[in-house]
file model.cif (mmCIF, C-alpha atoms)
data_entry
loop_
_atom_site.label_atom_id
_atom_site.label_comp_id
_atom_site.auth_asym_id
_atom_site.auth_seq_id
_atom_site.Cartn_x
_atom_site.Cartn_y
_atom_site.Cartn_z
CA MET A 1 -1.20 -22.95 26.00
CA THR A 2 2.03 -23.11 28.04
CA GLU A 3 2.29 -22.59 31.80
CA ASP A 4 4.01 -19.23 31.21
CA GLN A 5 1.19 -18.07 28.96
CA LYS A 6 -1.34 -18.94 31.64
CA LYS A 7 0.47 -16.65 34.06
CA ASN A 8 0.58 -13.69 31.68
CA LYS A 9 -2.21 -11.18 31.30
CA TYR A 10 -2.33 -8.74 28.41
CA SER A 11 -3.90 -5.29 28.72
CA ILE A 12 -4.78 -4.01 25.24
CA ILE A 13 -5.02 -0.21 25.24
CA ILE A 14 -6.99 1.25 22.33
CA PRO A 15 -7.34 5.06 22.19
CA THR A 16 -10.45 6.20 20.32
CA TYR A 17 -11.92 9.38 18.91
CA ASN A 18 -14.96 9.05 16.62
CA GLU A 19 -14.47 5.32 16.03
CA ARG A 20 -18.11 4.25 16.33
CA LEU A 21 -17.89 2.35 13.03
CA ASN A 22 -14.72 0.47 13.97
CA VAL A 23 -14.74 -0.20 17.70
CA ALA A 24 -17.17 -3.16 17.72
CA LEU A 25 -15.26 -4.89 14.92
CA ILE A 26 -11.85 -4.43 16.53
CA VAL A 27 -13.14 -5.80 19.86
CA TYR A 28 -14.76 -8.78 18.12
CA LEU A 29 -11.53 -9.54 16.24
CA VAL A 30 -9.40 -9.38 19.40
CA PHE A 31 -11.66 -11.94 21.07
CA LYS A 32 -11.64 -14.08 17.94
CA HIS A 33 -7.84 -14.20 17.63
CA LEU A 34 -7.00 -14.60 21.34
CA PRO A 35 -9.32 -17.43 22.42
CA ASP A 36 -6.92 -18.95 24.99
CA VAL A 37 -5.27 -15.80 26.30
CA ASP A 38 -6.01 -13.84 29.49
CA PHE A 39 -6.58 -10.26 28.34
CA GLU A 40 -8.56 -7.10 28.88
CA ILE A 41 -9.32 -4.34 26.38
CA ILE A 42 -9.05 -0.79 27.71
CA ILE A 43 -10.82 1.75 25.51
CA VAL A 44 -9.58 5.29 26.19
CA ASP A 45 -12.13 7.50 24.46
CA ASP A 46 -11.54 11.25 24.25
CA GLY A 47 -15.13 12.47 24.41
CA SER A 48 -16.14 11.26 20.93
CA PRO A 49 -19.29 13.07 19.77
CA ASP A 50 -20.25 10.24 17.37
CA GLY A 51 -21.51 7.78 20.00
CA THR A 52 -18.36 5.65 20.30
CA GLN A 53 -18.87 5.35 24.07
CA ASP A 54 -22.44 4.10 23.62
CA ILE A 55 -21.16 1.30 21.39
CA VAL A 56 -18.46 0.40 23.96
CA LYS A 57 -21.12 0.21 26.68
CA GLN A 58 -23.09 -2.23 24.50
CA LEU A 59 -19.91 -4.28 24.02
CA GLN A 60 -19.52 -4.40 27.81
CA GLN A 61 -22.95 -6.02 28.02
CA VAL A 62 -21.81 -8.68 25.55
CA TYR A 63 -18.27 -9.40 26.76
CA GLY A 64 -18.36 -8.19 30.38
CA GLU A 65 -17.07 -5.04 32.03
CA ASP A 66 -14.02 -6.96 33.30
CA ARG A 67 -12.94 -7.74 29.72
CA VAL A 68 -13.91 -4.47 27.99
CA LEU A 69 -13.09 -1.42 30.10
CA LEU A 70 -14.22 2.07 29.12
CA ARG A 71 -11.91 4.68 30.58
CA ALA A 72 -13.16 7.90 28.99
CA ARG A 73 -11.69 11.38 29.09
CA PRO A 74 -13.64 14.61 28.58
CA ARG A 75 -11.95 15.76 25.35
CA LYS A 76 -9.04 15.17 22.96
CA LEU A 77 -5.90 15.21 25.10
CA GLY A 78 -3.31 13.50 22.90
CA LEU A 79 -2.06 10.01 22.20
CA GLY A 80 0.74 9.84 24.76
CA THR A 81 -1.50 10.83 27.64
CA ALA A 82 -4.12 8.33 26.40
CA TYR A 83 -1.60 5.50 26.90
CA ILE A 84 -0.63 6.86 30.32
CA HIS A 85 -4.33 7.02 31.24
CA GLY A 86 -4.88 3.46 30.02
CA LEU A 87 -1.79 2.23 31.87
CA LYS A 88 -3.23 3.43 35.18
CA HIS A 89 -6.11 1.00 34.70
CA ALA A 90 -4.11 -1.92 33.27
CA SER A 91 -4.05 -5.07 35.40
CA GLY A 92 -1.90 -7.12 33.00
CA ASN A 93 1.86 -7.65 33.20
CA PHE A 94 2.05 -6.99 29.44
CA VAL A 95 0.47 -4.10 27.55
CA VAL A 96 -0.46 -3.94 23.86
CA ILE A 97 -0.99 -0.58 22.18
CA MET A 98 -2.90 -0.52 18.91
CA ASP A 99 -5.12 1.72 16.82
CA ALA A 100 -8.89 1.39 16.69
CA ASP A 101 -9.22 2.11 12.98
CA LEU A 102 -8.43 -1.48 11.84
CA SER A 103 -5.09 -0.44 10.35
CA HIS A 104 -3.63 -2.88 12.91
CA HIS A 105 -5.25 -6.29 12.48
CA PRO A 106 -5.69 -8.28 15.71
CA LYS A 107 -4.68 -11.45 13.80
CA TYR A 108 -1.07 -10.42 14.48
CA LEU A 109 -1.51 -10.45 18.27
CA PRO A 110 -0.74 -14.19 18.68
CA ARG A 111 2.48 -13.64 16.70
CA PHE A 112 3.48 -10.77 19.00
CA ILE A 113 2.83 -12.93 22.06
CA LYS A 114 4.67 -15.93 20.57
CA LYS A 115 7.68 -13.80 19.63
CA GLN A 116 7.86 -12.35 23.14
CA MET A 117 7.64 -15.79 24.75
CA GLU A 118 10.30 -17.26 22.46
CA THR A 119 12.79 -14.40 22.87
CA GLY A 120 12.01 -12.92 26.29
CA ALA A 121 11.75 -9.50 24.62
CA ASP A 122 10.79 -6.40 26.58
CA ILE A 123 9.09 -4.93 23.50
CA VAL A 124 7.70 -6.52 20.34
CA THR A 125 6.93 -4.02 17.61
CA GLY A 126 5.06 -4.52 14.35
CA THR A 127 7.06 -3.48 11.30
CA ARG A 128 5.99 -2.62 7.76
CA TYR A 129 9.56 -2.54 6.47
CA VAL A 130 10.88 -6.11 6.57
CA LYS A 131 10.05 -9.15 4.45
CA GLY A 132 6.47 -10.15 5.11
CA GLY A 133 5.42 -6.63 6.14
CA GLY A 134 3.85 -3.89 4.05
CA VAL A 135 1.27 -1.18 3.59
CA HIS A 136 -2.12 -1.53 1.91
CA GLY A 137 -4.33 1.34 0.76
CA TRP A 138 -1.72 4.14 0.61
CA ASN A 139 -0.94 6.00 -2.59
CA LEU A 140 2.65 6.07 -3.85
CA MET A 141 3.33 9.55 -2.44
CA ARG A 142 2.30 8.54 1.07
CA LYS A 143 4.36 5.35 0.85
CA LEU A 144 7.43 7.28 -0.30
CA THR A 145 6.97 9.94 2.39
CA SER A 146 6.64 7.32 5.14
CA ARG A 147 9.53 5.25 3.85
CA GLY A 148 11.72 8.35 3.37
CA ALA A 149 10.94 9.60 6.87
CA ASN A 150 11.83 6.19 8.28
CA VAL A 151 15.13 5.97 6.36
CA LEU A 152 16.06 9.49 7.48
CA ALA A 153 15.43 8.57 11.12
CA GLN A 154 17.35 5.30 10.71
CA THR A 155 20.36 7.14 9.32
CA LEU A 156 20.44 9.83 11.99
CA LEU A 157 19.35 7.93 15.09
CA TRP A 158 20.56 4.32 14.58
CA PRO A 159 17.75 2.86 16.67
CA GLY A 160 18.24 -0.76 15.57
CA VAL A 161 14.54 -1.05 14.72
CA SER A 162 13.18 -1.02 11.16
CA ASP A 163 9.86 0.76 11.76
CA LEU A 164 10.10 3.79 14.03
CA THR A 165 6.69 5.37 13.61
CA GLY A 166 4.56 2.24 13.91
CA SER A 167 2.09 2.20 16.78
CA PHE A 168 1.29 -1.52 17.06
CA ARG A 169 3.44 -2.79 19.92
CA LEU A 170 3.57 -5.19 22.85
CA TYR A 171 5.43 -4.02 25.97
CA ARG A 172 6.25 -5.45 29.35
CA LYS A 173 4.15 -3.19 31.53
CA SER A 174 7.13 -2.14 33.67
CA VAL A 175 9.12 -1.26 30.54
CA LEU A 176 6.29 0.81 29.08
CA GLU A 177 5.94 2.71 32.37
CA ASP A 178 9.69 3.39 32.38
CA VAL A 179 9.92 4.52 28.75
CA ILE A 180 6.73 6.58 28.65
CA SER A 181 7.80 8.57 31.71
CA SER A 182 10.82 9.93 29.81
CA VAL A 183 8.98 10.84 26.58
CA VAL A 184 8.05 14.47 25.91
CA SER A 185 6.92 14.37 22.26
CA LYS A 186 3.28 14.58 21.23
CA GLY A 187 1.36 13.37 18.20
CA TYR A 188 3.11 11.81 15.24
CA VAL A 189 6.61 11.87 16.80
CA PHE A 190 5.48 10.19 20.03
CA GLN A 191 5.87 6.59 18.78
CA MET A 192 9.30 7.34 17.36
CA GLU A 193 10.56 8.82 20.60
CA MET A 194 9.17 5.82 22.52
CA ILE A 195 11.19 3.29 20.53
CA VAL A 196 14.34 5.44 20.39
CA ARG A 197 14.26 5.96 24.18
CA ALA A 198 13.72 2.20 24.64
CA THR A 199 16.79 1.35 22.54
CA ARG A 200 18.90 3.93 24.38
CA LYS A 201 17.83 2.40 27.69
CA GLY A 202 19.02 -1.01 26.45
CA PHE A 203 15.68 -2.81 26.39
CA HIS A 204 15.40 -5.99 24.31
CA ILE A 205 13.27 -5.27 21.22
CA GLN A 206 12.00 -7.80 18.66
CA GLU A 207 10.00 -7.22 15.47
CA VAL A 208 7.07 -8.98 13.79
CA PRO A 209 6.20 -8.22 10.12
CA ILE A 210 2.73 -6.70 9.75
CA THR A 211 0.70 -5.30 6.88
CA PHE A 212 -0.63 -1.87 7.77
CA VAL A 213 -4.05 -1.25 6.21
CA ASP A 214 -5.20 2.35 5.74
CA ARG A 215 -8.21 3.05 7.93
CA VAL A 216 -11.38 1.25 6.88
CA TYR A 217 -14.02 3.71 8.16
CA GLY A 218 -13.71 7.36 9.08
CA THR A 219 -11.07 9.93 8.20
CA SER A 220 -7.38 10.02 8.99
CA LYS A 221 -6.35 12.01 12.07
CA LEU A 222 -3.04 13.03 10.45
CA GLY A 223 -3.00 16.52 8.99
CA GLY A 224 -0.72 18.21 6.49
CA SER A 225 1.63 19.41 9.21
CA GLU A 226 2.73 15.86 10.10
CA ILE A 227 5.97 16.07 8.08
CA VAL A 228 7.01 19.34 9.74
CA GLU A 229 6.25 17.87 13.17
CA TYR A 230 8.19 14.76 12.28
CA LEU A 231 11.29 16.70 11.21
CA LYS A 232 11.16 18.87 14.34
CA GLY A 233 10.87 15.72 16.43
CA LEU A 234 13.78 14.12 14.62
CA VAL A 235 16.01 17.10 15.38
CA TYR A 236 14.89 17.03 19.03
CA LEU A 237 15.72 13.33 19.37
CA LEU A 238 19.05 13.82 17.63
CA LEU A 239 19.96 16.44 20.21
CA THR A 240 18.64 14.68 23.31
CA THR A 241 19.30 10.93 22.92
#

call {"tool": "encode", "arguments": {"input": "model.cif", "output": "structure tokens"}}
result
Amino acid sequence: MTEDQKKNKYSIIIPTYNERLNVALIVYLVFKHLPDVDFEIIIVDDGSPDGTQDIVKQLQQVYGEDRVLLRARPRKLGLGTAYIHGLKHASGNFVVIMDADLSHHPKYLPRFIKKQMETGADIVTGTRYVKGGGVHGWNLMRKLTSRGANVLAQTLLWPGVSDLTGSFRLYRKSVLEDVISSVVSKGYVFQMEMIVRATRKGFHIQEVPITFVDRVYGTSKLGGSEIVEYLKGLVYLLLTT
């Protein structure tokens, strides 16, 4: 581990809702893949009725309350506000945002950190759409919809990033605070607005190829209205950035 790495601390924010079956595994895998890194995991749970918080409390007994932080909210309040809530409790100078459903494998975290250290990037984002990246577990229709939505956004917005709707990213904490304060979108469009705003503000963004795996346990949170929301968000960004 380099001197610079010793100085850095990474706050990993993981929003949860009904992730009882996944949360212990994701925490275990983060610890497994970051053995020599100073980090904390901040679980932002939105009042899951399935006992997710009970599992997190057990994990705190195993790993320590300074390494696994439970910062619960009373009910579902949206993804963007979950990150803002987590940020308030983050003590690291870098912040990772990732999903709890194992679609984002913690094995990529060392690559994110390495890429940031090598390039001095403000943001490192995982991408499914370059060589070495991909999607596993989606049917052809979902792949085509996702790819089509991404190409449409690329064409209209010119963000300079290959994967706009991905939600596996490493940010300098100060950059995340800056970008998130100017974002108004909710839900599916939130991640896209985050990266578009970041490019417009001139932040240095790098990419790491990842394979996105469709959720292992539980059901997808995305409903049938996601495409409509996406298109509305695209128009909004086109008009405001």

call {"tool": "closest_residue", "arguments": {"input": "model.cif", "among": "A:Ile195, A:Leu239, A:Ile26, A:Leu21", "to": "Pro106 in chain A", "atoms": "all atoms listed in the file"}}
result
A:Ile26

call {"tool": "resolve_selection", "arguments": {"input": "model.cif", "expression": "the PyMOL selection byres ((chain A and resi 89) around 10)", "output": "ChimeraX atom specification"}}
result
/A:11,13,42,69-71,84-88,90-92

call {"tool": "closest_residue", "arguments": {"input": "model.cif", "among": "A:Ala82, A:Val27, A:Val213, A:Ala72", "to": "Gln58 in chain A", "atoms": "only C-alpha atoms"}}
result
A:Val27

call {"tool": "resolve_selection", "arguments": {"input": "model.cif", "expression": "the PyMOL selection byres ((chain A and resi 104) around 8)", "output": "JSON list (two decimals) with C-alpha atoms, in the frame of the given file"}}
result
[["chain", "number", "residue", "atom", "x", "y", "z"],
["A", 98, "MET", "CA", -2.90, -0.52, 18.91],
["A", 99, "ASP", "CA", -5.12, 1.72, 16.82],
["A", 100, "ALA", "CA", -8.89, 1.39, 16.69],
["A", 101, "ASP", "CA", -9.22, 2.11, 12.98],
["A", 102, "LEU", "CA", -8.43, -1.48, 11.84],
["A", 103, "SER", "CA", -5.09, -0.44, 10.35],
["A", 105, "HIS", "CA", -5.25, -6.29, 12.48],
["A", 106, "PRO", "CA", -5.69, -8.28, 15.71],
["A", 168, "PHE", "CA", 1.29, -1.52, 17.06],
["A", 211, "THR", "CA", 0.70, -5.30, 6.88],
["A", 212, "PHE", "CA", -0.63, -1.87, 7.77],
["A", 213, "VAL", "CA", -4.05, -1.25, 6.21]]

call {"tool": "closest_residue", "arguments": {"input": "model.cif", "among": "A:Arg169, A:Lys201, A:Arg67, A:Arg111", "to": "Thr125 in chain A", "atoms": "only C-alpha atoms"}}
result
A:Arg169

call {"tool": "atom_distance", "arguments": {"input": "model.cif", "atom1": "CA of Asp163 in chain A", "atom2": "CA of Met192 in chain A"}}
result
8.7 Å

call {"tool": "atom_distance", "arguments": {"input": "model.cif", "atom1": "CA of Phe39 in chain A", "atom2": "CA of Ile12 in chain A"}}
result
7.2 Å

call {"tool": "atom_distance", "arguments": {"input": "model.cif", "atom1": "CA of Gln191 in chain A", "atom2": "CA of Val208 in chain A"}}
result
16.4 Å

call {"tool": "residues_around", "arguments": {"input": "model.cif", "residues": "range 51-55 of chain A", "least_positions_apart": "4", "cutoff": "7 Å", "atoms": "all atoms listed in the file", "output": "list in words"}}
result
Asn18, Glu19, Arg20 and Leu59 of chain A

call {"tool": "write_last_selection", "arguments": {"input": "model.cif", "atoms": "C-alpha atoms", "output": "compact mmCIF listing (two decimals), keeping the file's coordinate frame"}}
result
# COMPACT_ATOMS: atom_id res chain seq x y z
CA ASN A 18 -14.96 9.05 16.62
CA GLU A 19 -14.47 5.32 16.03
CA ARG A 20 -18.11 4.25 16.33
CA LEU A 59 -19.91 -4.28 24.02

call {"tool": "closest_residue", "arguments": {"input": "model.cif", "among": "A:Val235, A:Val56, A:Val30, A:Ile14", "to": "Leu109 in chain A", "atoms": "all atoms listed in the file"}}
result
A:Val30

call {"tool": "resolve_selection", "arguments": {"input": "model.cif", "expression": "the PyMOL selection byres ((chain A and resi 93) around 12)", "output": "PyMOL selection string"}}
result
chain A and resi 4-12+38-40+87+89-92+94-96+122+170-177

call {"tool": "write_last_selection", "arguments": {"input": "model.cif", "atoms": "C-alpha atoms", "output": "PDB file, in the coordinates of the input"}}
result
ATOM      1  CA  ASP A   4       4.010 -19.230  31.210  1.00  0.00           C
ATOM      2  CA  GLN A   5       1.190 -18.070  28.960  1.00  0.00           C
ATOM      3  CA  LYS A   6      -1.340 -18.940  31.640  1.00  0.00           C
ATOM      4  CA  LYS A   7       0.470 -16.650  34.060  1.00  0.00           C
ATOM      5  CA  ASN A   8       0.580 -13.690  31.680  1.00  0.00           C
ATOM      6  CA  LYS A   9      -2.210 -11.180  31.300  1.00  0.00           C
ATOM      7  CA  TYR A  10      -2.330  -8.740  28.410  1.00  0.00           C
ATOM      8  CA  SER A  11      -3.900  -5.290  28.720  1.00  0.00           C
ATOM      9  CA  ILE A  12      -4.780  -4.010  25.240  1.00  0.00           C
ATOM     10  CA  ASP A  38      -6.010 -13.840  29.490  1.00  0.00           C
ATOM     11  CA  PHE A  39      -6.580 -10.260  28.340  1.00  0.00           C
ATOM     12  CA  GLU A  40      -8.560  -7.100  28.880  1.00  0.00           C
ATOM     13  CA  LEU A  87      -1.790   2.230  31.870  1.00  0.00           C
ATOM     14  CA  HIS A  89      -6.110   1.000  34.700  1.00  0.00           C
ATOM     15  CA  ALA A  90      -4.110  -1.920  33.270  1.00  0.00           C
ATOM     16  CA  SER A  91      -4.050  -5.070  35.400  1.00  0.00           C
ATOM     17  CA  GLY A  92      -1.900  -7.120  33.000  1.00  0.00           C
ATOM     18  CA  PHE A  94       2.050  -6.990  29.440  1.00  0.00           C
ATOM     19  CA  VAL A  95       0.470  -4.100  27.550  1.00  0.00           C
ATOM     20  CA  VAL A  96      -0.460  -3.940  23.860  1.00  0.00           C
ATOM     21  CA  ASP A 122      10.790  -6.400  26.580  1.00  0.00           C
ATOM     22  CA  LEU A 170       3.570  -5.190  22.850  1.00  0.00           C
ATOM     23  CA  TYR A 171       5.430  -4.020  25.970  1.00  0.00           C
ATOM     24  CA  ARG A 172       6.250  -5.450  29.350  1.00  0.00           C
ATOM     25  CA  LYS A 173       4.150  -3.190  31.530  1.00  0.00           C
ATOM     26  CA  SER A 174       7.130  -2.140  33.670  1.00  0.00           C
ATOM     27  CA  VAL A 175       9.120  -1.260  30.540  1.00  0.00           C
ATOM     28  CA  LEU A 176       6.290   0.810  29.080  1.00  0.00           C
ATOM     29  CA  GLU A 177       5.940   2.710  32.370  1.00  0.00           C
TER      30      GLU A 177
END

call {"tool": "closest_residue", "arguments": {"input": "model.cif", "among": "A:Lys32, A:Lys76, A:Arg128, A:Arg197", "to": "Leu238 in chain A", "atoms": "all atoms listed in the file"}}
result
A:Arg197

call {"tool": "closest_residue", "arguments": {"input": "model.cif", "among": "A:Glu193, A:Thr199, A:Thr127, A:Ile43", "to": "Tyr108 in chain A", "atoms": "all atoms listed in the file"}}
result
A:Thr127

call {"tool": "axis_aligned_box", "arguments": {"input": "model.cif", "around": "range 54-73 of chain A", "padding_each_side": "4 Å", "output": "lines of an AutoDock Vina configuration file"}}
result
center_x = -17.4
center_y = 1.0
center_z = 27.3
size_x = 19.4
size_y = 28.8
size_z = 19.9
